[in-house]
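Heads up, run02.csv below (CSV, C-alpha atoms and all ligand atoms):
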```csv
chain,number,residue,atom,x,y,z
A,7,MET,CA,19.6,99.1,-37.2
A,8,ARG,CA,21.0,98.5,-40.7
A,9,ILE,CA,23.2,95.5,-41.2
A,10,ALA,CA,25.2,95.3,-44.4
A,11,ARG,CA,27.9,93.1,-45.8
A,12,PHE,CA,31.0,94.7,-47.3
A,13,VAL,CA,34.3,94.0,-48.8
A,14,ASP,CA,37.3,96.0,-47.5
A,15,GLN,CA,40.3,94.0,-48.4
A,16,ALA,CA,39.7,90.3,-48.0
A,17,GLU,CA,36.6,88.3,-47.2
A,18,PRO,CA,33.1,89.8,-47.0
A,19,THR,CA,32.4,91.1,-43.5
A,20,TYR,CA,29.2,92.1,-41.8
A,21,GLY,CA,28.8,95.6,-40.4
A,22,ILE,CA,26.4,98.1,-38.9
A,23,VAL,CA,25.6,101.1,-41.1
A,24,GLU,CA,25.6,104.3,-39.0
A,25,GLY,CA,24.3,107.8,-39.9
A,26,PRO,CA,21.0,109.5,-40.5
A,27,ALA,CA,18.3,107.4,-42.3
A,28,ASP,CA,18.0,109.8,-45.2
A,29,ALA,CA,21.6,110.7,-45.6
A,30,ASP,CA,23.8,110.4,-48.7
A,31,LEU,CA,26.0,107.3,-48.8
A,32,SER,CA,28.9,109.8,-48.4
A,33,GLU,CA,27.7,110.7,-44.9
A,34,LEU,CA,27.4,107.1,-43.7
A,35,SER,CA,29.9,104.9,-41.9
A,36,ILE,CA,30.1,101.2,-41.3
A,37,THR,CA,31.4,99.4,-38.2
A,38,ALA,CA,32.5,95.8,-38.7
A,39,LEU,CA,31.0,93.0,-36.7
A,40,GLN,CA,32.7,89.9,-35.4
A,41,GLY,CA,31.6,86.8,-37.3
A,42,ASP,CA,28.1,86.2,-38.7
A,43,PRO,CA,25.3,88.0,-37.0
A,44,PHE,CA,22.8,85.3,-38.1
A,45,PHE,CA,24.7,82.9,-35.8
A,46,HIS,CA,26.7,85.0,-33.4
A,47,GLY,CA,24.5,88.0,-32.6
A,48,ILE,CA,25.6,91.6,-33.1
A,49,GLN,CA,29.1,92.0,-31.8
A,50,PRO,CA,30.8,95.2,-33.1
A,51,THR,CA,34.5,95.3,-33.5
A,52,GLY,CA,36.4,98.6,-33.1
A,53,THR,CA,36.9,99.0,-36.8
A,54,THR,CA,34.8,101.7,-38.6
A,55,HIS,CA,35.1,102.7,-42.3
A,56,ARG,CA,33.5,105.4,-44.4
A,57,LEU,CA,30.8,103.6,-46.4
A,58,GLU,CA,32.3,105.2,-49.5
A,59,ASP,CA,35.6,103.5,-48.9
A,60,VAL,CA,34.2,99.9,-48.9
A,61,ARG,CA,32.2,97.9,-51.5
A,62,LEU,CA,28.8,96.7,-50.3
A,63,VAL,CA,27.9,93.2,-51.4
A,64,ALA,CA,24.5,91.3,-51.1
A,65,PRO,CA,23.5,91.5,-47.4
A,66,ILE,CA,22.7,87.8,-47.5
A,67,ILE,CA,23.4,84.9,-49.8
A,68,PRO,CA,20.6,82.4,-48.8
A,69,ARG,CA,22.1,79.1,-47.9
A,70,SER,CA,19.0,77.3,-49.1
A,71,LYS,CA,16.3,79.4,-50.9
A,72,ILE,CA,14.6,82.5,-52.0
A,73,VAL,CA,10.8,82.1,-52.1
A,74,GLY,CA,8.8,84.5,-54.2
A,75,VAL,CA,5.0,85.3,-54.2
A,76,GLY,CA,3.3,85.9,-57.5
A,77,ARG,CA,0.5,88.4,-58.1
A,78,ASN,CA,0.3,89.8,-54.6
A,79,TRP,CA,-0.9,93.2,-55.7
A,80,ALA,CA,-4.3,93.2,-57.5
A,81,ASP,CA,-3.2,96.0,-59.9
A,82,HIS,CA,-0.1,94.0,-60.9
A,83,ALA,CA,-2.0,90.8,-61.4
A,84,LYS,CA,-4.4,92.8,-63.6
A,85,GLU,CA,-1.7,94.4,-65.7
A,86,LEU,CA,-0.4,91.0,-66.6
A,87,GLY,CA,-3.9,89.7,-67.4
A,88,ASN,CA,-4.1,87.5,-64.4
A,89,GLU,CA,-6.7,86.8,-61.7
A,90,VAL,CA,-6.0,87.8,-58.1
A,91,PRO,CA,-5.1,84.6,-56.3
A,92,THR,CA,-7.0,83.2,-53.4
A,93,SER,CA,-3.9,81.9,-51.7
A,94,PRO,CA,-0.2,83.0,-51.9
A,95,GLN,CA,1.3,81.6,-55.2
A,96,LEU,CA,4.8,80.5,-54.4
A,97,PHE,CA,7.9,80.1,-56.6
A,98,LEU,CA,11.6,79.6,-56.0
A,99,LYS,CA,14.7,81.5,-57.1
A,100,PRO,CA,18.1,79.8,-56.6
A,101,ASN,CA,20.7,81.5,-54.4
A,102,THR,CA,22.9,81.9,-57.5
A,103,ALA,CA,20.4,84.5,-58.7
A,104,VAL,CA,21.5,86.9,-55.9
A,105,VAL,CA,23.7,89.9,-56.6
A,106,GLY,CA,24.5,92.8,-54.4
A,107,PRO,CA,23.6,96.5,-54.7
A,108,TYR,CA,25.4,98.5,-57.5
A,109,GLU,CA,26.4,95.2,-59.1
A,110,PRO,CA,25.7,94.9,-62.8
A,111,VAL,CA,23.3,92.2,-64.1
A,112,THR,CA,23.9,90.6,-67.5
A,113,LEU,CA,20.5,90.1,-69.2
A,114,PRO,CA,20.1,86.5,-70.4
A,115,SER,CA,20.8,86.0,-74.1
A,116,TRP,CA,17.6,84.0,-74.5
A,117,SER,CA,15.2,86.8,-73.4
A,118,ASP,CA,14.2,90.1,-75.0
A,119,GLU,CA,11.8,91.0,-72.2
A,120,VAL,CA,13.3,91.2,-68.8
A,121,ALA,CA,11.1,93.1,-66.3
A,122,PHE,CA,12.0,94.8,-63.0
A,123,GLU,CA,9.8,94.2,-59.9
A,124,ALA,CA,10.6,96.3,-56.8
A,125,GLU,CA,9.8,94.2,-53.7
A,126,LEU,CA,10.0,94.2,-49.9
A,127,ALA,CA,12.1,91.1,-49.0
A,128,VAL,CA,11.9,89.3,-45.6
A,129,VAL,CA,15.2,87.8,-44.3
A,130,ILE,CA,14.6,84.8,-42.0
A,131,GLY,CA,16.7,84.6,-38.8
A,132,THR,CA,15.7,81.2,-37.2
A,133,ILE,CA,15.0,77.7,-38.5
A,134,CYS,CA,11.3,77.3,-38.4
A,135,LYS,CA,8.3,75.5,-39.8
A,136,ASP,CA,4.5,76.0,-39.6
A,137,VAL,CA,4.9,79.5,-38.0
A,138,PRO,CA,1.5,81.0,-37.0
A,139,VAL,CA,0.9,84.6,-38.1
A,140,SER,CA,1.2,85.8,-34.5
A,141,ARG,CA,4.8,84.3,-34.2
A,142,VAL,CA,6.2,85.5,-37.5
A,143,ASP,CA,8.1,88.5,-35.9
A,144,ASP,CA,10.1,85.9,-33.8
A,145,VAL,CA,11.6,84.2,-36.9
A,146,VAL,CA,12.4,87.3,-38.9
A,147,PHE,CA,15.9,88.7,-38.8
A,148,GLY,CA,15.1,91.8,-40.8
A,149,TYR,CA,14.0,93.2,-44.2
A,150,THR,CA,15.8,94.3,-47.3
A,151,VAL,CA,14.9,95.4,-50.9
A,152,ALA,CA,14.7,93.0,-53.8
A,153,ASN,CA,14.4,93.4,-57.6
A,154,ASP,CA,12.6,90.3,-58.7
A,155,LEU,CA,13.9,90.4,-62.3
A,156,THR,CA,11.7,88.3,-64.5
A,157,ALA,CA,12.1,87.2,-68.1
A,158,ARG,CA,8.4,87.7,-69.1
A,159,ASP,CA,8.8,85.9,-72.5
A,160,ALA,CA,10.2,82.7,-70.8
A,161,GLN,CA,7.6,83.1,-68.0
A,162,ARG,CA,4.9,82.8,-70.7
A,163,THR,CA,6.4,79.9,-72.7
A,164,ASP,CA,8.0,77.7,-70.1
A,165,MET,CA,5.9,75.3,-67.9
A,166,GLN,CA,7.7,76.4,-64.8
A,167,TRP,CA,9.2,79.8,-63.9
A,168,ALA,CA,12.6,78.4,-62.9
A,169,ARG,CA,14.4,80.0,-65.9
A,170,ALA,CA,12.3,83.1,-66.1
A,171,LYS,CA,12.8,84.0,-62.4
A,172,GLY,CA,16.1,82.1,-61.6
A,173,PHE,CA,18.7,83.2,-64.1
A,174,ASP,CA,22.1,84.5,-62.7
A,175,GLY,CA,21.5,88.0,-61.4
A,176,ALA,CA,17.7,87.7,-61.3
A,177,CYS,CA,17.7,88.6,-57.6
A,178,PRO,CA,19.5,91.8,-56.7
A,179,LEU,CA,19.3,92.3,-52.9
A,180,GLY,CA,20.3,95.2,-50.7
A,181,PRO,CA,21.6,97.7,-49.9
A,182,TRP,CA,21.4,96.3,-46.3
A,183,ILE,CA,19.1,94.5,-43.9
A,184,GLU,CA,16.9,96.8,-41.7
A,185,ALA,CA,16.5,94.8,-38.5
A,186,GLU,CA,13.9,97.2,-37.0
A,187,LEU,CA,11.1,97.8,-39.4
A,188,ASP,CA,7.4,98.0,-38.6
A,189,VAL,CA,6.0,96.2,-41.7
A,190,GLU,CA,2.4,96.5,-40.4
A,191,ALA,CA,2.8,100.3,-40.1
A,192,ALA,CA,-0.5,102.2,-40.5
A,193,GLY,CA,-0.9,103.2,-44.2
A,194,GLY,CA,1.8,100.7,-45.2
A,195,LEU,CA,5.3,101.2,-46.6
A,196,ALA,CA,5.9,102.7,-50.0
A,197,VAL,CA,7.4,100.4,-52.6
A,198,ARG,CA,8.8,102.2,-55.6
A,199,SER,CA,11.0,101.8,-58.6
A,200,ARG,CA,12.7,104.2,-61.0
A,201,VAL,CA,14.3,103.5,-64.4
A,202,ASP,CA,17.0,106.0,-65.3
A,203,GLY,CA,15.5,108.3,-62.7
A,204,GLU,CA,11.9,108.1,-63.9
A,205,LEU,CA,9.3,106.9,-61.4
A,206,ARG,CA,7.8,103.6,-62.7
A,207,GLN,CA,6.2,101.9,-59.6
A,208,ASP,CA,4.7,103.6,-56.6
A,209,GLY,CA,2.7,101.3,-54.4
A,210,THR,CA,2.2,100.7,-50.8
A,211,THR,CA,2.3,97.4,-48.8
A,212,ALA,CA,-1.1,98.4,-47.5
A,213,ASP,CA,-2.4,97.3,-50.9
A,214,MET,CA,-0.9,93.8,-50.8
A,215,VAL,CA,-3.4,90.9,-51.3
A,216,PHE,CA,-1.7,88.9,-48.5
A,217,GLY,CA,0.2,90.8,-45.8
A,218,VAL,CA,3.8,90.2,-44.9
A,219,ARG,CA,3.1,88.1,-41.9
A,220,GLU,CA,0.5,86.0,-43.7
A,221,ILE,CA,3.0,85.4,-46.5
A,222,VAL,CA,5.8,84.2,-44.1
A,223,ALA,CA,3.3,81.9,-42.3
A,224,ALA,CA,2.1,80.4,-45.6
A,225,VAL,CA,5.6,79.9,-46.9
A,226,SER,CA,6.6,78.2,-43.6
A,227,GLU,CA,3.7,75.7,-44.2
A,228,ALA,CA,5.3,74.7,-47.5
A,229,PHE,CA,9.0,74.7,-46.5
A,230,THR,CA,11.2,74.6,-43.5
A,231,LEU,CA,12.9,78.0,-43.4
A,232,LEU,CA,16.6,78.4,-42.5
A,233,PRO,CA,18.5,81.4,-41.2
A,234,GLY,CA,19.3,83.6,-44.2
A,235,ASP,CA,16.4,82.4,-46.4
A,236,VAL,CA,14.7,85.2,-48.2
A,237,ILE,CA,11.0,85.7,-49.0
A,238,LEU,CA,9.9,88.2,-51.7
A,239,THR,CA,6.5,89.6,-51.1
A,240,GLY,CA,5.3,90.7,-54.5
A,241,THR,CA,5.3,93.8,-56.6
A,242,PRO,CA,2.9,96.7,-57.3
A,243,SER,CA,1.7,97.7,-60.8
A,244,GLY,CA,4.1,99.4,-63.2
A,245,ALA,CA,6.7,96.6,-63.4
A,246,GLY,CA,8.0,97.2,-66.9
A,247,VAL,CA,10.7,95.9,-69.3
A,248,VAL,CA,14.3,97.1,-69.0
A,249,ASP,CA,17.1,97.1,-71.5
A,250,ALA,CA,20.9,97.0,-71.4
A,251,GLY,CA,22.4,100.3,-70.4
A,252,GLN,CA,19.5,101.2,-68.1
A,253,ARG,CA,19.7,101.6,-64.3
A,254,VAL,CA,16.9,100.4,-62.0
A,255,GLU,CA,16.4,101.8,-58.5
A,256,CYS,CA,14.1,99.8,-56.2
A,257,GLU,CA,13.1,101.5,-53.0
A,258,VAL,CA,11.2,100.4,-49.9
A,259,GLU,CA,10.3,103.1,-47.4
A,260,GLY,CA,12.2,102.6,-44.1
A,261,ILE,CA,14.9,100.5,-45.7
A,262,GLY,CA,16.6,102.2,-48.6
A,263,THR,CA,17.3,102.1,-52.3
A,264,LEU,CA,18.8,99.2,-54.3
A,265,LEU,CA,20.5,100.2,-57.5
A,266,THR,CA,21.1,97.8,-60.4
A,267,HIS,CA,22.7,98.4,-63.8
A,268,LEU,CA,21.6,96.2,-66.7
A,269,ARG,CA,24.0,95.1,-69.5
A,270,ARG,CA,24.2,92.5,-72.3
B,301,ZN,ZN,7.8,89.4,-58.0
```
How does the structure come out when it is put into structure tokens?
Ligand code: ZN
Amino acid sequence: MRIARFVDQAEPTYGIVEGPADADLSELSITALQGDPFFHGIQPTGTTHRLEDVRLVAPIIPRSKIVGVGRNWADHAKELGNEVPTSPQLFLKPNTAVVGPYEPVTLPSWSDEVAFEAELAVVIGTICKDVPVSRVDDVVFGYTVANDLTARDAQRTDMQWARAKGFDGACPLGPWIEAELDVEAAGGLAVRSRVDGELRQDGTTADMVFGVREIVAAVSEAFTLLPGDVILTGTPSGAGVVDAGQRVECEVEGIGTLLTHLRR
């Protein structure tokens, strides 16, 4: 089940996306839900729109935090000249970094080196702390796609990654939340990115240093997690720099494709 947030006329509304998994957007429809599914469950209204007739917005604006994991693919750690970590390396992005699918992102004036990073993102459904690996599925609402945009120059020069990873627009999320995804699927899930249509990253979650459940468990040892919090699980190799005018597509198998336009 794919849960999106959309704007029709007034306030953003949650809805269930309906149609074949690999269909064009033009073949999909969306049925509005009553209230917030994070707190009221899935209660469809009778109202259905063609997906083309509404505007999708970020499927979640975290009320408290986005937690990222650095260097979770050995190849990506190596391409940046880093060691593979022995425990998940956590950082935070503010919720003001979130933008939705198809939304333009303005590159920060103080960086000449913003890189894209396609990532599988976990959306938390339940307040929780110190979650054992075996219980992680109980606290997950679903999964979406993230682009962990990173100003590499600021990442090198600043003591903390707050600015490099946290500028406005640094966390495109979407296009929707897939509530039924087997993240431990045999062979893993493909994580890919394309810039202006050209394949740039092509990894699989099977090659992660720390698996999705291990990451959620480790993050929950550091922080109380709230419904709507988002955890980014790291990026495969090939995460390169983008410039204004380019379009980045981030794709996770079984979820969908998140499209972001960059501008100055
Ligand atoms: Zn990342």
Long-range neighbours of A:Glu259 as a ChimeraX atom specification, 7 Å cut-off, only C-alpha atoms, 2 positions minimum in chain:
/A:195-197,257,261-262
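Taking atom CA of A:Ala38 and atom CA of A:Leu62 as the two end points, the separation is 12.2 Å.
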Using all atoms listed in the file, which residue out of A:Ala64, A:Leu232, A:Leu265, A:Ile9 lies closest to A:Gln49?
A:Ile9
Near A:Val63, within 9 Å and counting all atoms listed in the file, which residues show up once chain neighbours fewer than 4 positions away are dropped, as a ChimeraX atom specification?
/A:10-13,18,105-109,179-182
Name the residues, by chain letter and number, that sit within 9 Å of ligand ZN 301 (chain B) using all atoms listed in the file, and give them as a short mmCIF file (atom, residue, chain, number, x, y, z; two decimals) with C-alpha atoms, keeping the file's coordinate frame.
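Saved to out_28.cif:
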```
data_model
loop_
_atom_site.label_atom_id
_atom_site.label_comp_id
_atom_site.auth_asym_id
_atom_site.auth_seq_id
_atom_site.Cartn_x
_atom_site.Cartn_y
_atom_site.Cartn_z
CA GLY A 74 8.80 84.50 -54.20
CA VAL A 75 5.00 85.30 -54.20
CA GLY A 76 3.30 85.90 -57.50
CA ARG A 77 0.50 88.40 -58.10
CA ASN A 78 0.30 89.80 -54.60
CA PHE A 122 12.00 94.80 -63.00
CA GLU A 123 9.80 94.20 -59.90
CA ALA A 124 10.60 96.30 -56.80
CA GLU A 125 9.80 94.20 -53.70
CA ALA A 152 14.70 93.00 -53.80
CA ASN A 153 14.40 93.40 -57.60
CA ASP A 154 12.60 90.30 -58.70
CA LEU A 155 13.90 90.40 -62.30
CA THR A 156 11.70 88.30 -64.50
CA LYS A 171 12.80 84.00 -62.40
CA LEU A 238 9.90 88.20 -51.70
CA THR A 239 6.50 89.60 -51.10
CA GLY A 240 5.30 90.70 -54.50
CA THR A 241 5.30 93.80 -56.60
CA PRO A 242 2.90 96.70 -57.30
#
```
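Here atom CA of A:Phe44 stands at a distance of 28.9 Å from atom CA of A:Ala192.
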d(atom CA of A:Asp208, atom CA of A:Ser243) in Å
7.8 Å
Please identify all polymer residues within 10 Å of A:Asp136, counting all atoms listed in the file, omitting same-chain residues fewer than 2 positions from it, and present them as JSON, numbers by chain.
{"A": [134, 138, 139, 141, 142, 222, 223, 224, 225, 226, 227, 228, 229, 230, 231]}
Same residues, C-alpha atoms, saved as a PDB file, in the coordinates of the input:
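Result file follows (out.pdb):
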```
ATOM      1  CA  CYS A 134      11.300  77.300 -38.400  1.00  0.00           C
ATOM      2  CA  PRO A 138       1.500  81.000 -37.000  1.00  0.00           C
ATOM      3  CA  VAL A 139       0.900  84.600 -38.100  1.00  0.00           C
ATOM      4  CA  ARG A 141       4.800  84.300 -34.200  1.00  0.00           C
ATOM      5  CA  VAL A 142       6.200  85.500 -37.500  1.00  0.00           C
ATOM      6  CA  VAL A 222       5.800  84.200 -44.100  1.00  0.00           C
ATOM      7  CA  ALA A 223       3.300  81.900 -42.300  1.00  0.00           C
ATOM      8  CA  ALA A 224       2.100  80.400 -45.600  1.00  0.00           C
ATOM      9  CA  VAL A 225       5.600  79.900 -46.900  1.00  0.00           C
ATOM     10  CA  SER A 226       6.600  78.200 -43.600  1.00  0.00           C
ATOM     11  CA  GLU A 227       3.700  75.700 -44.200  1.00  0.00           C
ATOM     12  CA  ALA A 228       5.300  74.700 -47.500  1.00  0.00           C
ATOM     13  CA  PHE A 229       9.000  74.700 -46.500  1.00  0.00           C
ATOM     14  CA  THR A 230      11.200  74.600 -43.500  1.00  0.00           C
ATOM     15  CA  LEU A 231      12.900  78.000 -43.400  1.00  0.00           C
TER      16      LEU A 231
END
```
Shell of 9 Å around A:Gly193, all atoms listed in the file, local chain residues under 6 positions omitted, as JSON, numbers by chain:
{"A": [210, 211, 212]}
